[in-house]
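Coordinates from data_31.txt are shown below (compact mmCIF, C-alpha atoms).
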```txt
# COMPACT_ATOMS: atom_id res chain seq x y z
CA MET A 1 -108.68 -91.45 -44.11
CA PRO A 2 -109.74 -88.78 -46.66
CA SER A 3 -113.44 -88.36 -47.46
CA PRO A 4 -114.90 -89.96 -50.62
CA VAL A 5 -115.90 -86.49 -51.87
CA TYR A 6 -112.29 -85.31 -51.61
CA ILE A 7 -111.05 -88.43 -53.39
CA ALA A 8 -113.66 -88.03 -56.14
CA ALA A 9 -112.53 -84.41 -56.59
CA VAL A 10 -108.88 -85.55 -56.81
CA LEU A 11 -109.77 -88.17 -59.42
CA ALA A 12 -111.70 -85.64 -61.52
CA THR A 13 -108.88 -83.07 -61.27
CA VAL A 14 -106.20 -85.54 -62.26
CA PHE A 15 -108.29 -86.91 -65.11
CA ALA A 16 -108.92 -83.44 -66.53
CA VAL A 17 -105.28 -82.30 -66.23
CA ASP A 18 -103.79 -85.49 -67.70
CA LEU A 19 -106.22 -85.79 -70.60
CA GLY A 20 -105.87 -82.08 -71.35
CA LEU A 21 -102.07 -82.34 -71.52
CA ARG A 22 -102.33 -85.35 -73.83
CA ALA A 23 -105.03 -83.97 -76.11
CA LEU A 24 -104.35 -80.22 -76.48
CA PRO A 25 -101.05 -80.42 -78.44
CA PHE A 26 -102.79 -82.43 -81.16
CA ALA A 27 -105.05 -79.46 -81.86
CA PHE A 28 -101.99 -77.47 -83.00
CA LEU A 29 -100.26 -80.35 -84.69
CA LYS A 30 -101.18 -80.06 -88.36
CA PRO A 31 -99.11 -76.94 -89.06
CA LEU A 32 -96.37 -78.29 -86.79
CA ARG A 33 -96.02 -81.65 -88.59
CA GLU A 34 -94.57 -80.07 -91.72
CA SER A 35 -92.08 -77.99 -89.76
CA ALA A 36 -88.44 -79.05 -89.97
CA ALA A 37 -87.81 -77.73 -86.47
CA VAL A 38 -90.55 -79.88 -84.97
CA ASN A 39 -89.35 -82.95 -86.83
CA ALA A 40 -85.83 -82.40 -85.53
CA LEU A 41 -87.18 -81.98 -82.00
CA SER A 42 -89.21 -85.18 -82.17
CA LEU A 43 -86.08 -87.05 -83.29
CA TRP A 44 -83.88 -85.53 -80.57
CA MET A 45 -86.39 -85.54 -77.74
CA PRO A 46 -86.99 -89.14 -76.58
CA ALA A 47 -83.56 -90.12 -75.27
CA GLY A 48 -83.06 -86.88 -73.34
CA LEU A 49 -86.63 -86.78 -72.07
CA LEU A 50 -86.41 -90.31 -70.67
CA LEU A 51 -83.04 -89.50 -69.13
CA ILE A 52 -84.59 -86.49 -67.37
CA LEU A 53 -87.43 -88.67 -66.04
CA ALA A 54 -84.89 -91.22 -64.80
CA MET A 55 -82.81 -88.52 -63.13
CA SER A 56 -85.83 -86.79 -61.58
CA THR A 57 -87.03 -90.00 -59.92
CA PHE A 58 -83.46 -90.87 -58.85
CA ALA A 59 -82.57 -87.43 -57.47
CA PRO A 60 -84.73 -87.60 -54.29
CA LEU A 61 -83.05 -90.90 -53.36
CA VAL A 62 -79.70 -89.12 -53.18
CA GLY A 63 -81.04 -86.01 -51.46
CA LEU A 64 -81.45 -83.80 -54.54
CA GLY A 65 -84.55 -82.16 -55.98
CA SER A 66 -87.81 -81.95 -54.06
CA GLY A 67 -86.48 -84.45 -51.49
CA ALA A 68 -83.52 -82.21 -50.67
CA GLY A 69 -82.70 -81.91 -47.01
CA THR A 70 -84.94 -84.75 -45.86
CA GLY A 71 -82.21 -86.61 -44.04
CA VAL A 72 -80.54 -88.56 -46.82
CA GLY A 73 -77.21 -89.85 -45.51
CA SER A 74 -74.15 -91.04 -47.39
CA SER A 75 -75.11 -94.69 -46.90
CA ASP A 76 -78.54 -94.00 -48.47
CA ILE A 77 -76.77 -92.40 -51.42
CA ALA A 78 -74.50 -95.44 -51.78
CA LYS A 79 -77.53 -97.78 -51.71
CA ALA A 80 -79.29 -95.79 -54.43
CA PHE A 81 -76.19 -95.88 -56.64
CA ILE A 82 -75.69 -99.61 -56.08
CA ALA A 83 -79.30 -100.32 -57.09
CA LEU A 84 -78.85 -98.02 -60.10
CA GLY A 85 -75.72 -99.98 -61.03
CA VAL A 86 -77.61 -103.27 -60.72
CA THR A 87 -80.42 -101.95 -62.97
CA VAL A 88 -78.02 -100.66 -65.65
CA GLY A 89 -75.71 -103.68 -65.40
CA VAL A 90 -78.50 -106.24 -65.69
CA HIS A 91 -80.12 -104.31 -68.52
CA LEU A 92 -76.94 -104.10 -70.61
CA SER A 93 -75.63 -107.59 -69.84
CA CYS A 94 -78.87 -109.64 -69.94
CA GLY A 95 -80.29 -108.61 -73.31
CA ARG A 96 -82.25 -105.50 -72.36
CA ARG A 97 -85.17 -107.33 -70.81
CA THR A 98 -86.93 -104.45 -69.05
CA LEU A 99 -88.88 -106.62 -66.62
CA LEU A 100 -85.75 -108.42 -65.45
CA SER A 101 -83.70 -105.23 -65.08
CA VAL A 102 -86.45 -103.35 -63.23
CA GLY A 103 -87.21 -106.38 -61.04
CA LEU A 104 -83.63 -107.05 -59.98
CA GLY A 105 -82.81 -103.35 -59.56
CA THR A 106 -85.87 -102.80 -57.36
CA ALA A 107 -85.20 -105.99 -55.39
CA ALA A 108 -81.63 -104.82 -54.80
CA TYR A 109 -82.81 -101.43 -53.53
CA VAL A 110 -85.53 -102.87 -51.30
CA ALA A 111 -83.03 -105.37 -49.84
CA LEU A 112 -80.42 -102.64 -49.25
CA VAL A 113 -82.70 -100.12 -47.53
CA ASN A 114 -84.40 -102.75 -45.37
CA VAL A 115 -81.63 -105.18 -44.49
CA VAL A 116 -78.34 -103.27 -44.58
CA MET B 1 -95.78 -102.70 -66.17
CA ILE B 2 -97.35 -105.35 -63.91
CA PRO B 3 -94.59 -105.21 -61.25
CA LEU B 4 -94.68 -101.41 -61.27
CA GLY B 5 -98.47 -101.50 -60.99
CA MET B 6 -98.07 -103.90 -58.08
CA ALA B 7 -95.62 -101.51 -56.42
CA PHE B 8 -98.22 -98.76 -56.87
CA GLY B 9 -101.00 -100.92 -55.37
CA LEU B 10 -98.74 -101.82 -52.45
CA LEU B 11 -97.97 -98.13 -51.84
CA VAL B 12 -101.69 -97.33 -51.69
CA ILE B 13 -102.14 -99.93 -48.94
CA GLN B 14 -98.94 -98.84 -47.18
CA ALA B 15 -100.20 -95.25 -47.13
CA GLY B 16 -103.27 -96.46 -45.24
CA LEU B 17 -105.70 -95.71 -48.09
CA PRO B 18 -108.59 -97.96 -49.14
CA GLY B 19 -107.67 -100.43 -51.88
CA TRP B 20 -110.16 -99.16 -54.47
CA ILE B 21 -108.11 -95.96 -54.76
CA ALA B 22 -105.50 -97.88 -56.78
CA PRO B 23 -107.69 -98.88 -59.75
CA ALA B 24 -109.66 -95.60 -59.51
CA LEU B 25 -106.50 -93.48 -59.70
CA SER B 26 -105.03 -95.71 -62.42
CA LEU B 27 -108.13 -95.22 -64.57
CA ALA B 28 -108.38 -91.49 -63.88
CA ALA B 29 -104.73 -90.57 -64.40
CA PHE B 30 -103.14 -93.50 -66.27
CA ALA B 31 -99.74 -91.97 -65.57
CA GLY B 32 -97.48 -94.07 -63.35
CA SER B 33 -95.11 -91.48 -61.97
CA ALA B 34 -97.88 -89.00 -61.17
CA GLU B 35 -99.95 -91.71 -59.48
CA LEU B 36 -97.07 -92.77 -57.25
CA LEU B 37 -96.63 -89.16 -56.16
CA LEU B 38 -100.36 -88.64 -55.69
CA VAL B 39 -100.66 -91.54 -53.24
CA GLY B 40 -98.71 -89.58 -50.66
CA MET B 41 -100.63 -86.36 -51.40
CA ILE B 42 -104.04 -88.03 -51.04
CA ALA B 43 -102.98 -89.70 -47.80
CA THR B 44 -102.17 -86.28 -46.31
CA ALA B 45 -105.32 -84.69 -47.88
CA ALA B 46 -103.26 -82.16 -49.86
CA PRO B 47 -105.25 -79.24 -51.36
CA LEU B 48 -106.74 -79.80 -54.81
CA ALA B 49 -104.82 -76.88 -56.31
CA GLY B 50 -101.54 -78.47 -55.26
CA ILE B 51 -102.62 -81.79 -56.71
CA ALA B 52 -103.62 -80.15 -60.00
CA LEU B 53 -100.28 -78.33 -60.19
CA THR B 54 -98.30 -81.48 -59.42
CA ALA B 55 -100.22 -83.48 -62.02
CA PHE B 56 -99.61 -80.69 -64.52
CA LEU B 57 -95.87 -80.43 -63.87
CA ILE B 58 -95.22 -84.17 -63.74
CA ASN B 59 -97.24 -84.85 -66.89
CA PHE B 60 -96.19 -81.75 -68.78
CA ARG B 61 -93.86 -83.94 -70.83
CA HIS B 62 -96.93 -85.44 -72.55
CA VAL B 63 -97.19 -82.20 -74.51
CA PHE B 64 -94.10 -83.27 -76.46
CA TYR B 65 -95.41 -86.75 -77.20
CA ALA B 66 -97.96 -85.39 -79.63
CA VAL B 67 -95.24 -84.48 -82.11
CA SER B 68 -94.35 -88.03 -83.09
CA PHE B 69 -97.15 -90.18 -81.72
CA PRO B 70 -99.00 -91.79 -84.67
CA LEU B 71 -102.51 -90.81 -83.53
CA HIS B 72 -103.46 -90.15 -87.18
CA LEU B 73 -103.57 -93.93 -87.72
CA VAL B 74 -106.70 -94.15 -85.54
CA ARG B 75 -109.77 -93.09 -87.56
CA ASN B 76 -112.77 -93.81 -85.34
CA PRO B 77 -113.39 -90.79 -83.05
CA PHE B 78 -114.10 -92.90 -79.97
CA LEU B 79 -111.01 -95.03 -80.48
CA LYS B 80 -109.07 -91.82 -81.12
CA ALA B 81 -110.24 -90.44 -77.78
CA TYR B 82 -109.17 -93.66 -76.12
CA SER B 83 -105.78 -93.60 -77.83
CA LEU B 84 -105.29 -90.03 -76.57
CA TYR B 85 -106.29 -91.00 -73.04
CA ALA B 86 -103.89 -93.94 -73.14
CA LEU B 87 -100.90 -92.00 -74.50
CA THR B 88 -98.53 -93.03 -71.73
CA ASP B 89 -94.74 -92.82 -71.44
CA GLU B 90 -94.48 -96.47 -72.38
CA ALA B 91 -96.79 -96.22 -75.39
CA TYR B 92 -94.88 -93.16 -76.56
CA ALA B 93 -91.48 -94.76 -75.94
CA LEU B 94 -92.38 -97.84 -77.97
CA THR B 95 -93.78 -95.90 -80.93
CA ALA B 96 -90.83 -93.50 -80.85
CA SER B 97 -88.24 -96.27 -80.69
CA SER B 98 -89.71 -98.13 -83.68
CA PRO B 99 -91.50 -95.62 -85.90
CA GLY B 100 -93.27 -96.70 -89.07
CA LYS B 101 -94.36 -100.18 -88.05
CA TRP B 102 -97.68 -99.16 -86.52
CA THR B 103 -101.28 -99.70 -87.60
CA GLN B 104 -104.52 -98.72 -85.87
CA SER B 105 -105.07 -102.18 -84.40
CA ARG B 106 -101.45 -102.62 -83.30
CA LEU B 107 -101.42 -99.25 -81.59
CA LEU B 108 -104.73 -99.77 -79.79
CA THR B 109 -103.82 -103.32 -78.77
CA LEU B 110 -100.59 -102.04 -77.27
CA GLN B 111 -102.34 -99.23 -75.40
CA ALA B 112 -105.22 -101.41 -74.17
CA SER B 113 -102.86 -104.10 -72.91
CA TYR B 114 -100.78 -101.48 -71.06
CA ASN B 115 -104.04 -100.23 -69.56
CA VAL B 116 -105.03 -103.73 -68.39
CA TYR B 117 -101.53 -104.51 -67.09
CA TRP B 118 -101.34 -101.24 -65.20
CA VAL B 119 -104.78 -101.41 -63.56
CA GLY B 120 -104.47 -105.18 -62.99
CA GLY B 121 -101.01 -104.80 -61.49
CA GLY B 122 -102.36 -102.16 -59.12
CA VAL B 123 -105.16 -104.50 -57.98
CA LEU B 124 -102.64 -107.33 -57.49
CA GLY B 125 -100.50 -104.99 -55.42
CA VAL B 126 -103.49 -104.04 -53.27
CA LEU B 127 -104.28 -107.73 -52.69
CA LEU B 128 -100.63 -108.46 -51.92
CA GLY B 129 -100.50 -105.45 -49.58
CA GLY B 130 -103.42 -106.88 -47.63
CA LEU B 131 -101.39 -110.02 -46.98
CA MET B 132 -98.26 -108.17 -45.84
CA PRO B 133 -97.65 -107.59 -42.16
CA GLY B 134 -96.15 -104.12 -42.76
CA PRO B 135 -94.93 -101.64 -45.39
CA ILE B 136 -91.92 -102.34 -47.62
CA LYS B 137 -89.48 -99.46 -47.90
CA GLY B 138 -87.89 -98.73 -51.27
CA LEU B 139 -90.48 -100.28 -53.61
CA ASP B 140 -90.85 -96.99 -55.46
CA PHE B 141 -87.38 -97.59 -56.93
CA ALA B 142 -89.30 -99.58 -59.58
CA LEU B 143 -90.25 -96.28 -61.21
CA THR B 144 -86.64 -95.07 -61.31
CA ALA B 145 -85.48 -98.43 -62.68
CA LEU B 146 -88.15 -98.31 -65.38
CA PHE B 147 -87.11 -94.87 -66.63
CA VAL B 148 -83.44 -95.87 -66.48
CA THR B 149 -84.03 -98.88 -68.74
CA LEU B 150 -86.25 -96.89 -71.12
CA ALA B 151 -83.57 -94.18 -71.34
CA LEU B 152 -80.89 -96.81 -72.03
CA ASP B 153 -83.02 -98.25 -74.83
CA ALA B 154 -83.70 -94.83 -76.35
CA ALA B 155 -80.01 -93.81 -76.29
CA ARG B 156 -78.51 -96.75 -78.19
CA SER B 157 -76.74 -94.95 -81.03
CA LYS B 158 -74.01 -92.30 -81.07
CA ARG B 159 -76.50 -89.95 -82.73
CA GLU B 160 -78.22 -89.58 -79.35
CA ILE B 161 -75.13 -88.27 -77.52
CA PRO B 162 -75.85 -84.54 -77.97
CA SER B 163 -79.42 -84.90 -76.71
CA VAL B 164 -78.33 -86.99 -73.74
CA LEU B 165 -75.68 -84.43 -72.78
CA LEU B 166 -78.08 -81.50 -73.18
CA ALA B 167 -80.70 -83.31 -71.07
CA ALA B 168 -78.18 -84.12 -68.35
CA GLY B 169 -77.02 -80.49 -68.32
CA ALA B 170 -80.58 -79.14 -68.26
CA PHE B 171 -81.56 -81.36 -65.34
CA ALA B 172 -78.35 -80.65 -63.43
CA ILE B 173 -78.95 -76.90 -63.67
CA ALA B 174 -82.62 -77.33 -62.68
CA VAL B 175 -81.95 -79.58 -59.70
CA LEU B 176 -79.33 -77.18 -58.33
CA LEU B 177 -81.18 -73.90 -58.95
CA VAL B 178 -84.84 -74.90 -58.40
CA PRO B 179 -84.82 -78.21 -56.51
CA GLY B 180 -88.56 -77.91 -55.77
CA SER B 181 -89.59 -78.19 -59.44
CA ALA B 182 -86.51 -79.77 -61.01
CA LEU B 183 -88.51 -81.97 -63.38
CA PHE B 184 -90.54 -79.11 -64.84
CA VAL B 185 -87.65 -76.64 -65.16
CA GLY B 186 -85.35 -79.39 -66.45
CA LEU B 187 -87.80 -80.25 -69.22
CA VAL B 188 -88.28 -76.62 -70.22
CA LEU B 189 -84.49 -76.02 -70.28
CA PHE B 190 -83.96 -79.19 -72.30
CA VAL B 191 -86.44 -78.05 -74.96
CA ALA B 192 -84.78 -74.62 -75.00
CA PHE B 193 -81.35 -76.25 -75.48
CA LEU B 194 -82.69 -78.35 -78.36
CA ALA B 195 -84.14 -75.23 -79.96
CA VAL B 196 -80.72 -73.56 -79.76
CA ARG B 197 -79.14 -76.70 -81.20
CA TYR B 198 -81.56 -76.57 -84.11
CA LEU B 199 -80.95 -72.87 -84.81
CA VAL B 200 -77.15 -73.30 -84.63
CA GLY B 201 -77.32 -76.26 -87.00
CA LYS B 202 -79.48 -74.29 -89.42
CA ALA B 203 -77.16 -71.27 -89.33
CA ARG B 204 -74.19 -73.55 -90.06
CA SER B 205 -75.92 -75.20 -93.01
CA TYR B 206 -76.68 -71.79 -94.52
CA ARG B 207 -73.02 -70.78 -94.28
CA ALA B 208 -71.80 -74.04 -95.80
```
Would you kindly transcribe this structure into C-alpha cells?
Amino acid sequence: MPSPVYIAAVLATVFAVDLGLRALPFAFLKPLRESAAVNALSLWMPAGLLLILAMSTFAPLVGLGSGAGTGVGSSDIAKAFIALGVTVGVHLSCGRRTLLSVGLGTAAYVALVNVV
Amino acid sequence: MIPLGMAFGLLVIQAGLPGWIAPALSLAAFAGSAELLLVGMIATAAPLAGIALTAFLINFRHVFYAVSFPLHLVRNPFLKAYSLYALTDEAYALTASSPGKWTQSRLLTLQASYNVYWVGGGVLGVLLGGLMPGPIKGLDFALTALFVTLALDAARSKREIPSVLLAAGAFAIAVLLVPGSALFVGLVLFVAFLAVRYLVGKARSYRA
C-alpha cells in the first residue's frame, strides 16, 4: 500500500497537468478564434477524436497498443469484438441511450471474460 | 457517468488501494480515462515522472477542446476557473454536438452535475467493492463502450466521413509503429492530417 505522501504527490501532479492542459490553450485562443483554419479544425475534430479515444481503449483488449504482447489470445479478441458489437448494436437499435448501450456492452464483456 | 464512476471505484478497491483514493483522484484529475489508468500505476507505486507523462499524453486531447468550448459564456472569474477545471470529454462532446444552445447557467449546471455523478459514482463503486468477495474482470470495458457511443453520436452525418477515415488511419499507423504511445501519436497524426485536408481544400478553392 503506497504511502500517503506518495499519493498526495500523485494527486498534486495529476491536478497540475490536467488543469494546465485544459487552461493553457485558452490563453492563445483570441487570435485563433477568427482563424478559418481553426474553425475548420473544430468542426472536423470531434468525431475523429472520439473515434481515436474509442480505438485506443479498445486496442489493448485485442493485443494492440501498450498492451501488445501481454498474452491476448484469439478467444480474448473474439470476446472484445462481441462486446463491441453489443455496444454498437444496442446504441444504434435502442435510440442511442448511452447508459443502456454502455451498461449492456460492459455487462456482455464482463460475462464473456468471466464465464466463457 | 455513474456506472463508469462505479467501475472506477470498484477498480480502486480491486487494486487493493484505500477507498478514499477514488474521490480524491476524481477531484484532482476529473478525467475518467486517465484515472482508470492511474489506479494501476498508483498500486505499483510508479514514479511521479511516469505518472505526469501518462497524464499529459492521455489528456493531451484537452488542448483541442479549447477551440470550440464556449468558455466565453462564463463571466465570473471563479466560475470560469471551475468551468476550465471541469472541461471533460463529456462536457466537450455535449457542447460540440449541439453548439449555440448554451448559456452560463446551463453550461455550469451540466459540468457540476457531471462532477457530482463522477465523484458519487466512484464512491458508490468503492462501497460496492467492499461488499464484493473478489475482483471483477473486464469492468474497464465501460470506458471503451462510452467512447464508442460518443463517437457514434458525433459521426452521425455523411459530412463526418473524411474525419472518421483520417482518424482511423492516423490511429492505425500509430498503433502499428509506436504501440507504446499510440494514443498520443495517433492524435498528433490526426491533427496533421486535418491540417493537410484544410490546406488542400484551400488550394482547390483558389484554383476554382
Could the residues of range 161-207 of chain B that have an atom at most 12 Å from range 54-67 of chain B be listed as a tab-separated table, each with its closest atom pair and the distance in Å to one decimal, counting all atoms listed in the file and ordered by chain and ascending residue number?
```
residue	atom	partner	partner_atom	distance
B:Gly180	CA	B:Thr54	CA	11.0
B:Ser181	CA	B:Leu57	CA	8.0
B:Ala182	CA	B:Leu57	CA	9.8
B:Leu183	CA	B:Ile58	CA	7.1
B:Phe184	CA	B:Leu57	CA	5.6
B:Val185	CA	B:Leu57	CA	9.1
B:Gly186	CA	B:Arg61	CA	10.6
B:Leu187	CA	B:Arg61	CA	7.3
B:Val188	CA	B:Arg61	CA	9.2
B:Phe190	CA	B:Arg61	CA	11.1
B:Val191	CA	B:Phe64	CA	9.4
```
- request: Fewer than 4 positions away in the same chain doesn't count, so skip those; otherwise give me all residues within 12 Å of range 4-9 of chain A, counting all atoms listed in the file, as a PyMOL selection string.
  value: (chain A and resi 13-16) or (chain B and resi 17-18+20-22+24-25+28+38-39+41-49+51-52)
Taking all atoms listed in the file into account, produce a table as JSON lines in which each residue of chain A with an atom at most 6 Å from an atom of chain B appears once, together with its shortest atom pair and the distance in Å to one decimal, ordered by chain and rising number.
```
{"residue": "A:Leu11", "atom": "CA", "partner": "B:Ala28", "partner_atom": "CA", "distance": 5.7}
{"residue": "A:Val14", "atom": "CA", "partner": "B:Ala29", "partner_atom": "CA", "distance": 5.7}
{"residue": "A:Phe15", "atom": "CA", "partner": "B:Ala28", "partner_atom": "CA", "distance": 4.7}
{"residue": "A:Leu19", "atom": "CA", "partner": "B:Tyr85", "partner_atom": "CA", "distance": 5.8}
{"residue": "A:Leu21", "atom": "CA", "partner": "B:Val63", "partner_atom": "CA", "distance": 5.7}
{"residue": "A:Arg22", "atom": "CA", "partner": "B:His62", "partner_atom": "CA", "distance": 5.6}
{"residue": "A:Pro25", "atom": "CA", "partner": "B:Val63", "partner_atom": "CA", "distance": 5.8}
{"residue": "A:Phe26", "atom": "CA", "partner": "B:Ala66", "partner_atom": "CA", "distance": 5.9}
{"residue": "A:Ser42", "atom": "CA", "partner": "B:Ser68", "partner_atom": "CA", "distance": 5.9}
{"residue": "A:Trp44", "atom": "CA", "partner": "B:Ser163", "partner_atom": "CA", "distance": 5.9}
{"residue": "A:Ala47", "atom": "CA", "partner": "B:Ala154", "partner_atom": "CA", "distance": 4.8}
{"residue": "A:Gly48", "atom": "CA", "partner": "B:Val164", "partner_atom": "CA", "distance": 4.7}
{"residue": "A:Leu50", "atom": "CA", "partner": "B:Ala151", "partner_atom": "CA", "distance": 4.8}
{"residue": "A:Leu51", "atom": "CA", "partner": "B:Ala151", "partner_atom": "CA", "distance": 5.2}
{"residue": "A:Ala54", "atom": "CA", "partner": "B:Phe147", "partner_atom": "CA", "distance": 4.6}
{"residue": "A:Ser56", "atom": "CA", "partner": "B:Leu183", "partner_atom": "CA", "distance": 5.8}
{"residue": "A:Thr57", "atom": "CA", "partner": "B:Thr144", "partner_atom": "CA", "distance": 5.3}
{"residue": "A:Phe58", "atom": "CA", "partner": "B:Thr144", "partner_atom": "CA", "distance": 5.8}
{"residue": "A:Gly65", "atom": "CA", "partner": "B:Pro179", "partner_atom": "CA", "distance": 4.0}
{"residue": "A:Ser66", "atom": "CA", "partner": "B:Gly180", "partner_atom": "CA", "distance": 4.5}
{"residue": "A:Val102", "atom": "CA", "partner": "B:Ala145", "partner_atom": "CA", "distance": 5.0}
{"residue": "A:Thr106", "atom": "CA", "partner": "B:Ala142", "partner_atom": "CA", "distance": 5.2}
{"residue": "A:Val110", "atom": "CA", "partner": "B:Gly138", "partner_atom": "CA", "distance": 4.8}
```
- request: Considering all atoms listed in the file, state which residue in the set A:Leu43, A:Val116, A:Leu104, A:Leu61 is at the smallest distance from Gly85 in chain A.
  value: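 Distance minimum relative to Gly85 in chain A lands on A:Leu104.
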field: Atomic distance CA of Gly50 in chain B - CA of Gly9 in chain B, expressed in Å with one decimal
entry: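 Atom-to-atom, CA of Gly50 in chain B and CA of Gly9 in chain B are spaced 22.5 Å apart.
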query: CA of Val17 in chain A and CA of Leu189 in chain B are how many Å apart?
result: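 Computing the Euclidean distance for CA of Val17 in chain A and CA of Leu189 in chain B yields 22.1 Å.
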- prompt: Which value, in Å to one decimal, gives the distance between CA of Val86 in chain A and CA of Met55 in chain A?
  reply: 15.8 Å
message: I'd like the neighbourhood of Val74 in chain B as a ChimeraX atom specification, where a residue qualifies if any of its atoms comes within 12 Å (using all atoms listed in the file), though same-chain residues fewer than 3 positions away should be ignored.
response: /B:69-71,77-84,102-109
